[in-house]
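Enquirer: Below is the file data-v4.txt, which contains compact mmCIF, C-alpha atoms.
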# COMPACT_ATOMS: atom_id res chain seq x y z
CA ALA V 1 -11.50 -0.02 -14.86
CA GLN V 2 -8.82 -1.07 -17.34
CA LEU V 3 -6.62 -4.18 -17.26
CA ALA V 4 -3.75 -4.78 -19.68
CA VAL V 5 -1.48 -7.84 -19.75
CA HIS V 6 1.58 -8.45 -21.92
CA GLY V 7 3.39 -11.78 -22.20
CA GLY V 8 5.57 -13.15 -24.97
CA GLU V 9 4.45 -11.29 -28.08
CA THR V 10 0.83 -10.93 -27.00
CA THR V 11 -0.94 -7.98 -25.40
CA LEU V 12 -4.49 -8.27 -24.09
CA ALA V 13 -6.49 -5.29 -22.82
CA VAL V 14 -10.02 -4.99 -21.44
CA GLU V 15 -12.01 -2.15 -19.92
CA THR V 16 -15.38 -1.80 -18.29
CA GLY V 17 -17.70 0.80 -16.78
CA VAL V 18 -17.97 4.56 -17.22
CA ARG V 19 -15.41 7.31 -16.94
CA ASP V 20 -17.85 9.70 -15.26
CA ALA V 21 -20.83 8.53 -13.22
CA ASP V 22 -22.71 11.77 -13.89
CA THR V 23 -22.41 11.66 -17.70
CA GLY V 24 -22.31 7.90 -18.21
CA GLU V 25 -19.58 8.23 -20.85
CA PRO V 26 -17.92 4.84 -21.42
CA PHE V 27 -14.49 3.92 -20.09
CA THR V 28 -12.41 3.27 -23.23
CA ALA V 29 -8.95 1.79 -23.77
CA ASP V 30 -7.40 5.25 -24.22
CA THR V 31 -9.12 6.88 -21.23
CA ALA V 32 -6.51 8.62 -19.08
CA VAL V 33 -6.83 8.04 -15.32
CA PRO V 34 -5.08 10.01 -12.54
CA ILE V 35 -2.39 7.47 -11.59
CA GLY V 36 -1.19 9.07 -8.35
CA SER V 37 2.18 7.84 -7.17
CA VAL V 38 2.82 5.64 -10.22
CA THR V 39 3.94 9.04 -11.57
CA LYS V 40 7.09 8.61 -9.48
CA ALA V 41 8.22 5.74 -11.71
CA TYR V 42 8.02 8.09 -14.71
CA THR V 43 9.94 10.83 -12.87
CA ALA V 44 12.65 8.35 -11.81
CA THR V 45 12.92 7.08 -15.39
CA VAL V 46 13.46 10.61 -16.72
CA VAL V 47 16.22 11.14 -14.12
CA MET V 48 17.87 7.90 -15.26
CA LEU V 49 17.67 9.02 -18.90
CA LEU V 50 19.56 12.15 -17.81
CA VAL V 51 22.10 9.85 -16.12
CA ALA V 52 22.40 7.91 -19.40
CA ASP V 53 23.17 11.17 -21.21
CA GLY V 54 25.86 12.09 -18.67
CA ASP V 55 23.98 15.14 -17.41
CA VAL V 56 23.61 13.77 -13.86
CA GLU V 57 25.45 11.24 -11.69
CA LEU V 58 23.52 9.08 -9.24
CA ASP V 59 25.95 9.96 -6.45
CA ASP V 60 25.79 13.71 -7.11
CA ARG V 61 24.72 15.73 -4.09
CA LEU V 62 21.17 16.72 -4.89
CA ASP V 63 21.61 20.22 -3.48
CA GLU V 64 24.24 20.89 -6.17
CA HIS V 65 21.36 20.86 -8.66
CA VAL V 66 18.50 21.86 -6.32
CA PRO V 67 19.70 24.72 -4.10
CA GLU V 68 16.40 24.79 -2.17
CA LEU V 69 17.63 21.66 -0.33
CA ARG V 70 20.69 23.33 1.18
CA ARG V 71 18.79 23.84 4.46
CA ALA V 72 17.61 20.21 4.61
CA GLY V 73 20.35 18.95 6.91
CA PRO V 74 23.11 16.53 5.82
CA PRO V 75 23.24 16.43 2.01
CA CYS V 76 21.50 13.57 0.22
CA THR V 77 22.29 12.14 -3.21
CA VAL V 78 20.26 11.65 -6.36
CA ARG V 79 20.35 7.90 -5.72
CA GLN V 80 18.97 8.34 -2.21
CA VAL V 81 16.07 10.57 -3.22
CA LEU V 82 14.99 8.11 -5.96
CA SER V 83 15.03 5.23 -3.44
CA HIS V 84 13.27 7.10 -0.59
CA THR V 85 16.40 6.83 1.57
CA ALA V 86 17.17 10.58 1.65
CA GLY V 87 15.50 11.10 5.05
CA LEU V 88 13.12 13.75 3.71
CA PRO V 89 9.60 14.06 5.18
CA SER V 90 6.52 12.73 3.43
CA GLY V 91 5.37 16.26 2.62
CA PRO V 92 2.44 18.50 3.55
CA ALA V 93 -1.20 18.06 2.55
CA SER V 94 -1.92 19.19 -1.01
CA ASP V 95 -4.36 21.88 0.10
CA GLN V 96 -1.62 23.40 2.26
CA VAL V 97 0.66 24.04 -0.75
CA ALA V 98 -1.96 24.66 -3.43
CA SER V 99 -0.57 28.07 -4.39
CA VAL V 100 3.20 27.68 -3.89
CA THR V 101 5.94 26.81 -6.36
CA ALA V 102 7.96 23.63 -6.09
CA ALA V 103 10.96 25.70 -4.98
CA ARG V 104 8.95 27.32 -2.17
CA TYR V 105 7.56 23.91 -1.21
CA LEU V 106 11.08 22.54 -0.69
CA LEU V 107 12.34 25.63 1.14
CA ASP V 108 9.45 25.54 3.60
CA HIS V 109 9.06 21.79 4.17
CA CYS V 110 12.52 20.25 3.73
CA THR V 111 14.73 21.63 6.49
CA ASP V 112 17.09 20.15 9.05
CA ARG V 113 14.16 20.32 11.50
CA THR V 114 11.98 18.05 9.36
CA LEU V 115 14.65 15.42 8.53
CA VAL V 116 13.29 12.06 9.73
CA MET V 117 16.62 10.17 9.60
CA PRO V 118 20.18 10.66 8.33
CA PRO V 119 20.38 10.16 4.55
CA GLY V 120 21.17 6.61 3.47
CA THR V 121 20.31 4.92 6.77
CA ASP V 122 16.77 3.58 6.14
CA PHE V 123 13.60 3.96 4.07
CA SER V 124 10.92 6.63 4.38
CA TYR V 125 8.43 7.10 1.55
CA SER V 126 8.52 10.76 0.54
CA ASN V 127 6.44 12.83 -1.84
CA ALA V 128 8.74 15.73 -1.01
CA GLY V 129 11.67 13.70 -2.33
CA TYR V 130 10.01 13.41 -5.71
CA VAL V 131 9.16 17.11 -5.74
CA ALA V 132 12.94 17.52 -5.41
CA ALA V 133 13.52 15.00 -8.23
CA GLY V 134 11.18 17.05 -10.41
CA ARG V 135 13.17 20.19 -9.60
CA LEU V 136 16.35 18.31 -10.57
CA ILE V 137 14.83 17.52 -13.97
CA GLU V 138 13.87 21.17 -14.44
CA ALA V 139 17.34 22.39 -13.48
CA VAL V 140 19.13 20.03 -15.87
CA THR V 141 16.80 20.25 -18.87
CA GLY V 142 15.75 23.89 -18.64
CA MET V 143 12.14 22.77 -19.12
CA SER V 144 9.24 22.50 -16.72
CA TRP V 145 8.64 19.01 -15.34
CA PRO V 146 5.54 18.42 -17.55
CA GLU V 147 7.43 19.57 -20.65
CA ALA V 148 10.43 17.39 -19.83
CA VAL V 149 8.53 14.20 -18.97
CA ALA V 150 6.41 14.62 -22.10
CA SER V 151 9.28 15.20 -24.55
CA VAL V 152 11.86 12.88 -22.97
CA LEU V 153 9.62 9.93 -22.08
CA LEU V 154 5.89 10.06 -22.81
CA VAL V 155 5.97 10.92 -26.51
CA PRO V 156 8.73 8.37 -27.31
CA LEU V 157 6.64 5.72 -25.50
CA GLY V 158 3.61 6.61 -27.63
CA THR V 159 1.72 8.03 -24.63
CA VAL V 160 -0.42 11.11 -25.25
CA PRO V 161 0.59 13.44 -22.37
CA SER V 162 -2.14 14.23 -19.84
CA PHE V 163 -1.59 15.99 -16.52
CA ILE V 164 -3.79 16.77 -13.53
CA GLY V 165 -4.53 20.48 -13.64
CA GLY V 166 -3.23 20.82 -17.19
CA ALA V 167 -5.06 21.35 -20.44
CA VAL V 168 -6.88 18.24 -21.62
CA ALA V 169 -5.20 16.72 -24.67
CA PRO V 170 -7.39 16.85 -27.79
CA HIS V 171 -9.21 13.58 -28.49
CA ARG V 172 -7.99 12.05 -25.22
CA PRO V 173 -10.84 11.11 -22.84
CA VAL V 174 -10.13 11.70 -19.15
CA ALA V 175 -11.66 9.78 -16.24
CA SER V 176 -13.04 11.35 -13.09
CA GLY V 177 -12.25 9.73 -9.77
CA HIS V 178 -15.26 8.61 -7.73
CA SER V 179 -16.20 7.96 -4.14
CA ALA V 180 -19.15 5.93 -2.89
CA ASN V 181 -21.32 6.83 0.08
CA LYS V 182 -22.08 3.46 1.63
CA ALA V 183 -24.90 4.91 3.72
CA THR V 184 -26.84 6.30 0.74
CA GLY V 185 -25.51 4.07 -2.03
CA ARG V 186 -24.65 7.12 -4.14
CA THR V 187 -21.49 7.29 -6.24
CA ARG V 188 -20.20 10.75 -7.09
CA PRO V 189 -17.26 12.13 -9.10
CA VAL V 190 -14.63 13.85 -6.96
CA ARG V 191 -12.25 16.73 -7.64
CA GLN V 192 -8.50 16.14 -7.94
CA ASN V 193 -6.75 18.37 -5.40
CA LEU V 194 -3.08 17.69 -6.18
CA ALA V 195 -1.07 20.90 -5.91
CA PRO V 196 0.90 21.93 -9.03
CA ALA V 197 4.10 21.82 -6.96
CA GLU V 198 3.54 18.08 -6.39
CA ALA V 199 3.22 17.15 -10.06
CA ALA V 200 6.42 15.09 -10.23
CA ALA V 201 5.18 12.96 -7.33
CA GLY V 202 1.64 12.28 -8.58
CA GLY V 203 0.46 14.50 -11.43
CA LEU V 204 0.17 12.17 -14.42
CA ARG V 205 -2.94 10.69 -16.03
CA ALA V 206 -2.49 7.50 -18.05
CA SER V 207 -4.25 4.35 -19.24
CA ALA V 208 -3.37 0.75 -18.42
CA LEU V 209 -1.87 0.43 -21.92
CA ASP V 210 0.31 3.48 -21.21
CA LEU V 211 1.56 1.86 -17.99
CA LEU V 212 2.21 -1.33 -19.93
CA ALA V 213 4.44 0.63 -22.34
CA LEU V 214 6.53 1.95 -19.44
CA GLY V 215 6.96 -1.53 -17.96
CA ARG V 216 7.93 -3.00 -21.33
CA ALA V 217 10.49 -0.24 -21.91
CA HIS V 218 12.14 -1.16 -18.62
CA LEU V 219 12.38 -4.78 -19.82
CA GLY V 220 14.16 -3.75 -23.02
CA ASP V 221 10.99 -3.97 -25.10
CA GLY V 222 10.56 -0.28 -25.74
CA PRO V 223 11.11 2.18 -28.60
CA PRO V 224 14.58 3.23 -29.82
CA GLY V 225 16.31 5.49 -27.32
CA SER V 226 14.68 3.82 -24.33
CA LEU V 227 16.53 3.45 -21.06
CA PRO V 228 19.78 1.45 -21.48
CA ARG V 229 19.44 -2.09 -20.11
CA ASP V 230 22.18 -1.67 -17.51
CA LEU V 231 20.46 1.36 -16.00
CA ALA V 232 17.06 -0.36 -16.15
CA ARG V 233 18.54 -3.29 -14.21
CA GLN V 234 20.08 -0.88 -11.72
CA MET V 235 16.68 0.72 -11.11
CA ARG V 236 15.15 -2.62 -10.07
CA ARG V 237 18.08 -3.71 -7.91
CA PRO V 238 17.29 -3.62 -4.15
CA VAL V 239 18.92 -0.69 -2.39
CA PRO V 240 20.82 -2.00 0.67
CA GLY V 241 19.22 -0.94 3.94
CA ALA V 242 16.00 0.27 2.32
CA ASP V 243 13.28 -1.54 4.25
CA PRO V 244 9.87 -0.34 2.97
CA GLY V 245 8.00 -2.37 5.59
CA VAL V 246 4.41 -3.08 4.55
CA LEU V 247 4.76 -1.40 1.13
CA ALA V 248 6.96 -3.98 -0.61
CA ASP V 249 9.73 -6.55 -0.14
CA GLY V 250 12.40 -4.06 -1.18
CA TRP V 251 12.93 -0.84 -3.10
CA GLY V 252 15.07 0.17 -6.06
CA LEU V 253 15.46 3.51 -7.83
CA GLY V 254 11.84 4.50 -8.38
CA TRP V 255 10.49 0.95 -8.23
CA ALA V 256 8.88 -1.09 -5.47
CA LEU V 257 10.12 -4.70 -5.50
CA PHE V 258 7.93 -7.75 -4.82
CA ARG V 259 9.30 -11.25 -4.29
CA ARG V 260 7.69 -14.23 -6.01
CA GLY V 261 9.83 -17.29 -5.33
CA ASP V 262 13.30 -16.56 -6.70
CA THR V 263 12.11 -13.61 -8.79
CA LEU V 264 11.79 -9.94 -7.90
CA TRP V 265 8.94 -8.28 -9.78
CA PHE V 266 9.09 -4.49 -9.98
CA GLY V 267 6.24 -2.01 -10.06
CA HIS V 268 4.40 0.76 -8.27
CA ASP V 269 0.95 1.54 -6.88
CA GLY V 270 -0.81 4.87 -6.94
CA ASN V 271 -3.95 6.49 -5.56
CA ALA V 272 -5.38 9.87 -6.46
CA GLN V 273 -8.74 11.31 -5.45
CA GLY V 274 -11.09 8.38 -6.09
CA THR V 275 -8.70 6.39 -8.31
CA SER V 276 -6.41 3.39 -7.85
CA CYS V 277 -3.71 2.18 -10.26
CA SER V 278 -1.00 -0.50 -10.27
CA LEU V 279 1.85 -1.70 -12.48
CA ARG V 280 3.84 -4.95 -12.14
CA ALA V 281 6.57 -6.46 -14.35
CA ASP V 282 8.52 -9.73 -14.17
CA PRO V 283 12.08 -9.53 -15.56
CA ALA V 284 12.32 -13.34 -15.69
CA THR V 285 9.43 -13.88 -18.12
CA GLY V 286 8.83 -10.43 -19.61
CA THR V 287 5.28 -10.38 -18.23
CA VAL V 288 3.81 -6.93 -17.56
CA VAL V 289 0.42 -6.30 -15.91
CA ALA V 290 -1.21 -2.88 -15.55
CA PHE V 291 -4.46 -1.82 -13.91
CA THR V 292 -6.39 1.41 -13.49
CA ALA V 293 -9.72 2.14 -11.78
CA ASN V 294 -11.65 5.37 -11.27
CA ALA V 295 -13.30 4.33 -8.00
CA GLY V 296 -12.22 4.34 -4.38
CA SER V 297 -12.77 0.56 -4.30
CA GLY V 298 -10.24 -0.03 -7.08
CA THR V 299 -7.63 -1.60 -4.82
CA GLU V 300 -10.07 -4.36 -3.84
CA LEU V 301 -10.76 -5.06 -7.53
CA TRP V 302 -7.00 -5.21 -8.25
CA HIS V 303 -6.55 -7.91 -5.61
CA GLU V 304 -9.53 -9.87 -6.98
CA LEU V 305 -8.23 -9.63 -10.55
CA SER V 306 -4.77 -10.84 -9.56
CA GLY V 307 -6.36 -13.99 -8.16
CA ALA V 308 -8.43 -14.49 -11.30
CA LEU V 309 -5.34 -14.00 -13.49
CA GLU V 310 -3.56 -16.79 -11.66
CA GLU V 311 -6.51 -19.14 -12.12
CA ILE V 312 -6.85 -18.37 -15.84
CA THR V 313 -3.23 -17.88 -16.96
CA GLY V 314 -1.03 -19.21 -14.16
CA ILE V 315 0.55 -15.74 -13.77
CA ARG V 316 1.02 -15.01 -10.07
CA VAL V 317 1.03 -11.23 -9.89
CA PRO V 318 2.30 -9.95 -6.53
CA THR V 319 0.00 -7.28 -5.18
CA ALA V 320 1.62 -7.01 -1.73
CA PRO V 321 4.83 -8.05 0.05
CA ALA V 322 5.38 -11.74 0.72
CA PRO V 323 3.68 -12.78 4.00
CA ARG V 324 6.05 -12.39 6.89
CA ARG V 325 6.70 -15.14 9.39
CA PRO V 326 4.38 -15.02 12.40
CA ALA V 327 5.99 -12.93 15.12
CA THR V 328 5.53 -13.34 18.85
CA PRO V 329 3.44 -10.56 20.41
CA MET V 330 5.12 -8.79 23.30
CA ALA V 331 3.60 -7.10 26.29
CA ALA V 332 2.87 -3.41 25.81
CA THR V 333 5.89 -1.41 26.80
CA SER V 334 6.55 2.23 27.49
CA GLN V 335 9.66 2.15 25.29
CA CYS V 336 7.35 2.47 22.26
CA THR V 337 5.16 5.27 23.58
CA GLY V 338 5.74 8.83 22.52
CA VAL V 339 5.02 11.49 19.93
CA TYR V 340 6.57 10.79 16.53
CA LEU V 341 6.81 13.43 13.80
CA ASN V 342 7.10 13.23 10.02
CA GLY V 343 6.99 16.82 8.84
CA ASP V 344 3.54 18.10 9.81
CA ILE V 345 2.16 14.61 10.56
CA GLU V 346 2.00 13.65 14.23
CA TYR V 347 1.75 10.03 15.37
CA GLN V 348 1.07 9.52 19.06
CA VAL V 349 1.58 6.09 20.64
CA THR V 350 0.13 5.71 24.14
CA LEU V 351 -0.70 3.00 26.65
CA SER V 352 -4.47 2.50 26.67
CA ASP V 353 -6.57 2.01 29.79
CA GLY V 354 -6.51 -1.73 29.12
CA GLY V 355 -2.72 -1.78 29.15
CA GLY V 356 -2.22 -2.13 25.39
CA LEU V 357 -0.68 0.25 22.89
CA ALA V 358 -2.84 2.66 20.90
CA LEU V 359 -2.03 4.85 17.89
CA SER V 360 -3.50 8.25 17.06
CA VAL V 361 -2.68 10.18 13.87
CA ASP V 362 -3.00 13.98 14.01
CA GLY V 363 -5.34 13.77 16.98
CA ASP V 364 -7.76 11.20 15.54
CA LEU V 365 -9.35 8.62 17.82
CA PRO V 366 -6.72 6.09 18.97
CA ALA V 367 -6.73 2.65 17.35
CA PRO V 368 -5.34 -0.47 19.07
CA LEU V 369 -1.77 -1.38 18.14
CA VAL V 370 -0.15 -4.80 18.66
CA CYS V 371 3.64 -4.88 18.85
CA HIS V 372 5.81 -7.98 18.33
CA GLU V 373 9.20 -8.99 19.67
CA ASP V 374 10.85 -8.01 16.37
CA LEU V 375 9.27 -4.54 16.82
CA THR V 376 6.92 -4.97 13.86
CA CYS V 377 3.38 -3.88 14.67
CA ASP V 378 -0.18 -4.49 13.54
CA LEU V 379 -3.11 -2.09 13.57
CA VAL V 380 -6.34 -3.57 14.89
CA ASP V 381 -9.59 -2.72 13.10
CA PRO V 382 -11.84 -1.61 16.00
CA SER V 383 -15.01 -2.86 14.28
CA SER V 384 -13.85 -6.33 13.17
CA GLY V 385 -10.84 -6.96 15.40
CA ARG V 386 -8.86 -7.90 12.27
CA ARG V 387 -5.13 -7.22 12.43
CA ILE V 388 -3.61 -5.23 9.58
CA PRO V 389 0.19 -5.03 9.14
CA GLY V 390 1.03 -1.46 10.06
CA GLY V 391 4.78 -1.07 10.24
CA ARG V 392 7.61 -1.27 12.74
CA PHE V 393 9.36 0.53 15.53
CA VAL V 394 13.07 1.28 14.99
CA ARG V 395 15.87 1.44 17.55
CA ASP V 396 18.69 3.96 17.60
CA PRO V 397 21.74 1.84 16.63
CA ARG V 398 23.91 3.69 19.14
CA THR V 399 21.71 3.58 22.25
CA GLY V 400 19.25 0.77 21.50
CA ALA V 401 16.32 3.03 22.44
CA VAL V 402 13.22 3.11 20.23
CA ASP V 403 13.45 6.47 18.48
CA ARG V 404 11.40 6.07 15.27
CA ILE V 405 8.28 4.43 13.93
CA GLN V 406 7.60 3.47 10.31
CA LEU V 407 3.92 3.34 9.27
CA SER V 408 2.84 2.62 5.68
CA GLY V 409 6.47 3.08 4.67
CA ARG V 410 6.76 6.56 6.21
CA MET V 411 9.27 7.04 9.01
CA ALA V 412 8.55 9.36 11.91
CA ARG V 413 11.04 10.53 14.52
CA LYS V 414 10.26 10.48 18.23
CA SER V 415 10.11 13.97 19.67
CA ALA V 416 8.83 13.47 23.20
CA LEU V 417 7.63 10.88 25.68
CA VAL V 418 3.99 10.73 26.72
Using the file provided, produce a representation of the structure as structure tokens.
Expert:
Amino acid sequence: AQLAVHGGETTLAVETGVRDADTGEPFTADTAVPIGSVTKAYTATVVMLLVADGDVELDDRLDEHVPELRRAGPPCTVRQVLSHTAGLPSGPASDQVASVTAARYLLDHCTDRTLVMPPGTDFSYSNAGYVAAGRLIEAVTGMSWPEAVASVLLVPLGTVPSFIGGAVAPHRPVASGHSANKATGRTRPVRQNLAPAEAAAGGLRASALDLLALGRAHLGDGPPGSLPRDLARQMRRPVPGADPGVLADGWGLGWALFRRGDTLWFGHDGNAQGTSCSLRADPATGTVVAFTANAGSGTELWHELSGALEEITGIRVPTAPAPRRPATPMAATSQCTGVYLNGDIEYQVTLSDGGGLALSVDGDLPAPLVCHEDLTCDLVDPSSGRRIPGGRFVRDPRTGAVDRIQLSGRMARKSALV
């Protein structure tokens, strides 16, 4: 793992462990880790640099630049796709699109049939949306997404470019992700399976110090030619109506927003195969904290480290949304049951034999679901009985009927009653 903290004029960085359990090679400060969805913050920043140059307007229709979206229902804007309010589906499994281009990906998986909500009406986390943002970058710059993000952003930040599936940069060590078998106690490296078409949504490898450089650039502490301050502020401004549920307290243009008192920190989390990474920045104090881990248990370590940081430095790093007020459970009701679809993902909510709600994803065994009067819901861990914030049901504003469910930030549209 790597941890890097910047405050005032001081940067501290530490690392521990190995970058590959099979070889035992040490995890160094410059080791590049697959950062998963933190890549989206880089993609959004490149789009905003194109906005700064006058090449793109935030309220441009995206299909004017990305013709593959012309079958995706009502047109969405550049602003909406960056803020996950475009209504596009989450996207297919990586293995399903391993051999297709980004253009083919969008043509096949972003149609009026797969739209989960009208653009601009709510929040639904979407990898497909960032595939479209990557295609926008390619259309405007005339370069591939890796070429554009490297030349426009990574190199100016002092980051040695490293991409999943790409050639390994000379003299840049790369970490393998790992998974642990709790039954045998064995830890093994795992293969990254991100499809090339999904690169703009999750294809970067970076170190904690690299993530720190991105956060500092957004606070006006970057190299010459960095993002103008007014656009950086716009990126971390909450988008009205964008409710990310359990992911964050709000969402901007490429950034998740986390409330700490009167301050909104910005950042992003990312998971690849056997890795976990996080970035947080506080505009009020200029504090930036970045973390990477090449193990499936990295998220747990991130939460532990945030607590230790507060004890040692007084910095309260938000790792999750602010706790919500306790809601009153309501009796299980048939208004919430049904089959909900997000692209190829099927969520089925049923009434269990005991009279409670149960949730099944793509035919998996149903897990208990507790719904509250405000239509938020908790998943119940069958083994421990512990409640985990899951998401919310959403009513149609015209009819008042429950017609959508949002789980882990992803909206799904009801297709049928059970």
Enquirer: Rounded to one decimal in Å, what is the spacing between atom CA of Leu369 of chain V and atom CA of Trp255 of chain V?
Expert: 29.2 Å
Enquirer: Report, in Å with one decimal, the straight-line distance from atom CA of Glu373 of chain V to atom CA of Val116 of chain V.
Expert: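 Separation of atom CA of Glu373 of chain V and atom CA of Val116 of chain V: 23.6 Å.
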Enquirer: List as a list in words the protein and nucleic acid residues near Asn271 of chain V, meaning an atom at most 9 Å away when all atoms listed in the file are counted, but skip any in the same chain fewer than 6 places from it.
Expert: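 The neighbour list is Pro34, Ile35, Gly36, Ser37, Val38, Gly202, Cys277, Ser278, Gly296 and Thr299 of chain V.
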Enquirer: May I have a table of the residues of segment 170-264 of chain V lying at most 12 Å from segment 53-74 of chain V, giving each one's closest pair of atoms and their distance in Å to one decimal, counting all atoms listed in the file, ordered by chain and ascending residue number, as a tab-separated table?
Expert:
residue	atom	partner	partner_atom	distance
V:Gly225	CA	V:Asp53	CA	10.8
V:Ser226	CA	V:Asp53	CA	11.7
V:Leu227	CA	V:Asp53	CA	10.2
V:Pro228	CA	V:Asp53	CA	10.3
V:Leu231	CA	V:Leu58	CA	10.7
V:Gln234	CA	V:Leu58	CA	10.8
V:Met235	CA	V:Leu58	CA	11.0
V:Leu253	CA	V:Leu58	CA	9.9
Enquirer: Report, in Å with one decimal, the straight-line distance from atom CA of Leu212 of chain V to atom CA of Glu198 of chain V.
Expert: 23.7 Å
Enquirer: Quick one: residues within 8 Å of segment 263-269 of chain V, only C-alpha atoms counted, chain neighbours fewer than 4 positions away excluded, as number ranges by chain?
Expert: V: 36-38, 41, 215, 236, 255-259, 276-284, 318
Enquirer: Have a look at V:Asp243, V:Glu304, V:Asp221, V:Asp362 and name the one nearest to His6 of chain V; count all atoms listed in the file.
Expert: V:Asp221
Enquirer: Under the rule that all atoms listed in the file are counted, which of V:Arg188, V:Val402, V:Gly338, V:Arg410 is the nearest residue to Ala128 of chain V?
Expert: V:Arg410
Enquirer: Could you give me, as a tab-separated table, every segment 183-285 of chain V residue with an atom at most 9 Å from segment 151-168 of chain V, plus its closest atom pair and distance in Å to one decimal, counting only C-alpha atoms, rows ordered by chain then number?
Expert:
residue	atom	partner	partner_atom	distance
V:Gln192	CA	V:Ile164	CA	7.3
V:Asn193	CA	V:Gly165	CA	8.8
V:Leu194	CA	V:Ile164	CA	7.4
V:Ala195	CA	V:Gly165	CA	8.5
V:Pro196	CA	V:Gly165	CA	7.3
V:Ala199	CA	V:Ile164	CA	7.8
V:Gly202	CA	V:Ile164	CA	8.6
V:Gly203	CA	V:Ile164	CA	5.3
V:Leu204	CA	V:Phe163	CA	4.7
V:Arg205	CA	V:Ser162	CA	5.3
V:Ala206	CA	V:Ser162	CA	7.0
V:Ser207	CA	V:Thr159	CA	8.8
V:Leu209	CA	V:Thr159	CA	8.8
V:Asp210	CA	V:Thr159	CA	5.9
V:Ala213	CA	V:Leu157	CA	6.4
V:Leu214	CA	V:Leu157	CA	7.1
V:Ala217	CA	V:Leu157	CA	8.0
V:Gly222	CA	V:Leu157	CA	7.2
V:Pro223	CA	V:Leu157	CA	6.5
V:Pro224	CA	V:Pro156	CA	8.2
V:Gly225	CA	V:Pro156	CA	8.1
V:Ser226	CA	V:Pro156	CA	8.1
Enquirer: Env of Thr313 of chain V: 12 Å cut, atoms = all atoms listed in the file, seq-sep filter 5 positions within chain, self excluded. Answer as a count of residues only.
Expert: 8
Enquirer: From the list V:Gly17, V:Pro238, V:Gly8, V:Gly343, which residue is nearest Leu115 of chain V when using only C-alpha atoms?
Expert: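 Going through V:Gly17, V:Pro238, V:Gly8, V:Gly343 one by one, the smallest distance to Leu115 of chain V is for V:Gly343.
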Enquirer: Do you know which residues are at most 8 Å from Val131 of chain V counting only C-alpha atoms, after dropping those on the same chain fewer than 5 positions away, and could you put them as a PDB file with C-alpha atoms, in the frame of the given file?
Expert:
ATOM      1  CA  ALA V 102       7.960  23.630  -6.090  1.00  0.00           C
ATOM      2  CA  LEU V 106      11.080  22.540  -0.690  1.00  0.00           C
ATOM      3  CA  ALA V 197       4.100  21.820  -6.960  1.00  0.00           C
ATOM      4  CA  GLU V 198       3.540  18.080  -6.390  1.00  0.00           C
ATOM      5  CA  ALA V 199       3.220  17.150 -10.060  1.00  0.00           C
ATOM      6  CA  ALA V 200       6.420  15.090 -10.230  1.00  0.00           C
ATOM      7  CA  ALA V 201       5.180  12.960  -7.330  1.00  0.00           C
TER       8      ALA V 201
END
Enquirer: Excluding Ala1 of chain V and residues on its chain fewer than 3 positions from it, collect all residues at most 8 Å away from it, counting all atoms listed in the file, and give them as an NGL selection string.
Expert: :V and (15-17 or 27 or 291-294 or 298)
